[in-house]
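One structure is given here, and the rest of the page talks about it.
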Amino acid sequence: MNHIRSSNDPGSPPPPDWFPLCSLRSLRLEYVFLTAKITRNAKSSRPDNHSKLHRFLRCLLPLVALAFSVSVAPAQTIRPAATPAYHPAPFVHPGLLHTAADLARMKQMVAAGREPWKSGFAKLAADPESSATWTPAPFEHVERSLLTGHAVGINEMNKDCNAAYQNALMWWITGDDAHAKKAVEILNAWSGRLKVFDGTDIELGAGIDGFKFANAAELMRNYPGWAPADLARCRQMLLTIFYPPLQDFALWAHGNWDIACMKAMIAIGVFSDDHAMFDRAVDYYYHGQGNGAITHYVIDDTGQVQESGRDQQHTQLGVGELAETCQVAWSQGLDLYGASDNRLLKGFEYVARFNLGENVPFAFHVDTSGRFPADRIATNFRGRLRPIYEMAYNHYAVLKGIPAPWTQKAAEKLRPEGAAAGADHPGFGTLLFSLPAPSPAPR
Amino acid sequence: MKIRIAPIIAFVLLFSGALSGVVDARELHVAKSGNDAAAGTAAAPFLTIGRAARDAQPGDTVVIHAGVYREQVALPRGGTSDDARISFVAAHGDAVVVKGSEPLAGWQRESGSIWERESPGIWRADVDDAKFGGFNPFATLISGPGYTGDSWRHLGEVYLNGVPLAEQPASEAVDTGARRWFAQDDGHVTHIWANFGFADPAQLAEINMRPVAFAPAGPGVNYITIDGLTIVQTANNWASPDGRQPGAISTGGGTHWIIRNCTIADAKCAGISLEQPSRDLTRSGPNRPMFGEFDNIAAVGHHIVSNNLIQRCGQAGIFGVVHGTDSQISGNQIEDINGAGQLSGDDVGGICLACAVDSIIRGNLIRRVHGAGIVLGPLYQGVRITGNVIMDTVGSPLYFFHSHGPVLVDDNVISGPGAATGEGVKLRSAEASVFARNLFADCAFTSESLPPYIIGGTISYRPHSLVTKQTIPAIALDNKWYANIFVRGGLGKLPQHTGDEANFNGYMAGAAASPWGDAYSATVTDLGFALASTPRAVVLRFNPEAVPRVNSPVIDTAFIGRFALTESIEQPDGEPIRLLTDFFGHAIPPDTIGPFGGASWDTEKPLFKLLTQP
């Protein structure tokens, strides 16, 4: 018997059975009983009519019911399903947040002293986690259980993955070998030590820090001073320690959990040349069951966001990480930014506008899990802008020529963007994502 | 040459003792002819079980010979492993009865004292309070967190020929009907008035004195076996997850007990209690969730409760807090619970488990319960309910609340009190309940989200562990109904919540399919079906030919899918579950639904052979 994977594929309908059945004799003993007469063993939900035509139609009914049956999305149950191949061609490397062209642009602009890259770079260079003398502090067992107030090694991991990534960037931009050595040292320190990563918020830890480590590793992958065995060990760490806890996303949580899983999945997929993993992440962006899929997170064209009723740090976290996912896909030639009619831009505009002090429309909304009904917009942390806007502004407005007025204002307010909280975002968007002038239409 | 036999025999005995694995395993004997100053051997047994319990060491078996033992056995220690248990067993073929009561003689006909008119059936006995020791059940009210019964009821009980009378709130009420009693403690003497009707209390009147028959003296008493005993008439108080859970037998926080082949009857509240004597009641909220301090699954539960006859308990047959985890509850006959209907609430039922992970409830008969059949909540995960018969309950045969699940309910025969009562399968903030291949007759089906009384702190665990994964609130979500037979009450009124599915079900005799699911189910008008009790068994008259043919897939771990939060329904050891056999263990043909798929069917099939009292 084949396993059935969805409620709409039940196998072949049973044969009709028109033999009348005898009634049973009743018992003499004390009962819980039902009526005793049996007339017919019917297969449809309309059992009463005996005409030939009806019998014939009734035979068809299961098939008809099948055709018109409404598929109830099993929104919280996971069954394995194949995803389309979104990128059969080999991946571009480096190809996560930054391609070789992106890195060349930064290097050139900084060398030429042009703004805003010059000020953007000053922010990066001044950050302690960009230092070539950074000392990594790897742990064998990291636990991220901020939910129950328990954390082991997560602060160290956050700082170290930032330091690996920022040192890698510094090397690309300045050419200073000390930074390359440091980035590789940090990656090796963790891949050589880390054995267990768990905790109540493991999806966030593995997602956020896995994304950052993958980006660092991607930037260093062609550095001759990184031994192939060490690179392989780093890949092994990402595949066996970071990927497993996020492979089913987080259907029961607020959207930013799903999105952390998604961005790490797409990044580890590209880094490891794992096309199936990449496809799963891309497919989730478009069609995912949970709150992190683009049309579930930015719920409609008003730009209202699933976590708008929660607080304004999480709304920015969510759209920021969605953009990071899109940026990786963009590096690989896929336009997730444009999905659902630039739905992500609408999210950015809505979040930026509200956090710049303007009013926005809000409608009562229940998320895909049903756990988080939101009846009013949240004002907690309103106005505390995160360094996420340069990435979105430059892509939509500068590159594609699509107006993004509120995103632009938020970017201008922070410019030059500095470090993000923890390891949540790459930060430093002014340096990393500013584009010189509107280019011709992409691809 | 003369061969000396004695040393050879001694050597052989010594050697065989070593081979048995526990060189020091002893048998201690207890008999009514015994003496507590004796050696405790078969030839010179002890008189009391308590005396033997004080001596018993890991590996020892206390063999109890026929008779009535009026004792409260405090267990000072437990065994140390499955091979080194401390066991209390009835001697082969002997009827061993442990009573919480004492006979009470010296009843006087009451004449002209506090009543206005004489009543020939009223008797009075006076018991010196000193006789009760530190515990006077007639002066102790039934009370505890969540107790909603009458405020005047005491733990005391009066029995005539083993049958309890009914306590009255006032002395006048004793007058007005037979088999009633009332007691008053004046500080020195407890006066008990009883109306024995036309009976003479000299037959056998007893009053309960002891709150428990078997319980540990302290924490850490594990690996205890109690086998084949009859335990009756304990004055145990109300059981609650927010307080203590006294039982006629209480495991008192211990683990790895085996309680089997016993008869438990006339316990004031719970019969068998898998007790957790204390927990941190200050824990609440997502950061410090309730029950979060129990995080080591190896250190809890692992009990076996099997083939016990549990009757006439006031609150519950089997009650468990935390220690239902990794326990098996199988083959028990649980009946006449809360018979007088005095109690109500979430802690009243045939089997009540709170904080239970990977429990297996299999092959039990639960009937005649004035309450729910099986109550799970708050907090259960990985529980399996299979092959049970639940019938004649006033409340819902199945009541689950406040959990992320999952629970698999399969191949049960469940007869409810009628869909119109609203009782049947009741889900309240219960997620991931999978109902497969059951027969539900006369049940209503409800599912709702309750305000999170655990203030957003309902634990979901990492599978097969007590390690907290998340503490978000539980809501109505992800409940599945596959390949069941519904008779005269179906899913027609069940609202659809996120993730709910229904398919491959059969609906009979007016039961309605779910309006939102059941893309491929079937309905028939009538069916011959009867569930009946004989003196020997609960039997089913059933014609599998009448059940609609529905091509249901095999219900297994892969088909059910992985729940986002609590992952897969599987065996406690992580192996997948596949429902390939039916209620009787016969292979299921591909186009059958419900609990019976076997090829042959007698006209009368016993679903449960009743356990007989010794």
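Labeling convention for the structure tokens: chains A, B, ... as they appear, residues from 1 per chain, ligands from 1 in order of appearance.
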
Margin query: Show me, as a count of residues only, the residues that have an atom within 12 Å of Gly205 in chain A when counting only C-alpha atoms, minus same-chain residues fewer than 5 positions from it.
Written below: 35

Next item on the list: Fewer than 5 positions away in the same chain doesn't count, so skip those; otherwise give me all residues within 6 Å of Gly561 in chain B, counting only C-alpha atoms, as number ranges by chain.
Entry: A: 77-79

Output for the residues just chosen: all heavy atoms as a short mmCIF file (atom, residue, chain, number, x, y, z; two decimals), in the first residue's frame:
```cif
data_model
loop_
_atom_site.label_atom_id
_atom_site.label_comp_id
_atom_site.auth_asym_id
_atom_site.auth_seq_id
_atom_site.Cartn_x
_atom_site.Cartn_y
_atom_site.Cartn_z
N THR A 77 1.58 20.97 9.93
CA THR A 77 2.14 19.64 9.80
C THR A 77 3.05 19.61 8.59
O THR A 77 2.75 20.18 7.57
CB THR A 77 1.00 18.61 9.59
OG1 THR A 77 -0.11 19.00 10.37
CG2 THR A 77 1.45 17.24 9.99
N ILE A 78 4.17 18.96 8.75
CA ILE A 78 5.17 18.95 7.69
C ILE A 78 5.18 17.59 7.03
O ILE A 78 5.32 16.57 7.70
CB ILE A 78 6.56 19.21 8.29
CG1 ILE A 78 6.57 20.56 9.02
CG2 ILE A 78 7.63 19.18 7.22
CD1 ILE A 78 7.62 20.65 10.08
N ARG A 79 5.00 17.58 5.74
CA ARG A 79 5.21 16.34 5.00
C ARG A 79 6.21 16.65 3.89
O ARG A 79 6.14 17.67 3.25
CB ARG A 79 3.90 15.85 4.40
CG ARG A 79 2.84 15.56 5.47
CD ARG A 79 1.62 14.90 4.85
NE ARG A 79 0.65 14.55 5.87
CZ ARG A 79 -0.37 15.31 6.25
NH1 ARG A 79 -0.56 16.47 5.68
NH2 ARG A 79 -1.21 14.92 7.18
#
```

With DSSP run on the backbone, what are the alpha helix (DSSP H) residues within range 3-193 of chain B? I'd like them as a PDB file with C-alpha atoms, in the first residue's frame.
```
ATOM      1  CA  ILE B   5      27.465 -35.147  50.117  1.00  0.00           C
ATOM      2  CA  ALA B   6      26.880 -32.151  52.320  1.00  0.00           C
ATOM      3  CA  PRO B   7      29.735 -30.026  51.050  1.00  0.00           C
ATOM      4  CA  ILE B   8      28.784 -30.878  47.478  1.00  0.00           C
ATOM      5  CA  ILE B   9      25.202 -29.800  48.074  1.00  0.00           C
ATOM      6  CA  ALA B  10      26.355 -26.678  49.851  1.00  0.00           C
ATOM      7  CA  PHE B  11      28.615 -25.870  46.924  1.00  0.00           C
ATOM      8  CA  VAL B  12      25.847 -26.426  44.403  1.00  0.00           C
ATOM      9  CA  LEU B  13      23.436 -24.240  46.346  1.00  0.00           C
ATOM     10  CA  LEU B  14      26.020 -21.517  46.706  1.00  0.00           C
ATOM     11  CA  PHE B  15      26.900 -21.718  43.045  1.00  0.00           C
ATOM     12  CA  SER B  16      23.286 -21.634  41.904  1.00  0.00           C
ATOM     13  CA  GLY B  17      22.744 -18.667  44.182  1.00  0.00           C
ATOM     14  CA  ALA B  18      25.586 -16.874  42.457  1.00  0.00           C
ATOM     15  CA  LEU B  19      24.169 -17.782  39.032  1.00  0.00           C
ATOM     16  CA  ILE B  49       3.492  -6.552  56.094  1.00  0.00           C
ATOM     17  CA  GLY B  50       5.001  -3.466  57.653  1.00  0.00           C
ATOM     18  CA  ARG B  51       7.423  -5.572  59.634  1.00  0.00           C
ATOM     19  CA  ALA B  52       8.572  -7.288  56.450  1.00  0.00           C
ATOM     20  CA  ALA B  53       8.802  -3.947  54.639  1.00  0.00           C
ATOM     21  CA  ARG B  54      11.158  -2.652  57.315  1.00  0.00           C
ATOM     22  CA  ASP B  55      13.496  -5.596  56.670  1.00  0.00           C
ATOM     23  CA  SER B 171     -27.430  14.108  61.994  1.00  0.00           C
ATOM     24  CA  GLU B 172     -31.094  14.523  61.108  1.00  0.00           C
ATOM     25  CA  ALA B 173     -30.485  13.157  57.634  1.00  0.00           C
ATOM     26  CA  VAL B 174     -29.297   9.829  58.984  1.00  0.00           C
ATOM     27  CA  ASP B 175     -32.813   9.303  60.205  1.00  0.00           C
TER      28      ASP B 175
END
```

Item checked: Which of A:Tyr285, A:Trp190, A:Phe271, A:Trp252 sits closest to chain B [using only C-alpha atoms] -> A:Trp252

Note to self: Quick check for you: according to DSSP on this backbone, which residues of range 415-487 of chain B are classed as strand (DSSP E)? Reply as a PyMOL selection string.
What the structure shows: chain B and resi 415+424-430+433-436+439-441+444-448+460-461+468-470+480-482+485-487

Next item on the list: Would you mind listing what lies within 6 Å of Asp266 in chain B as a ChimeraX atom specification, with only C-alpha atoms counted and same-chain residues fewer than 2 positions away left out?
Entry: /B:232-233,312-313
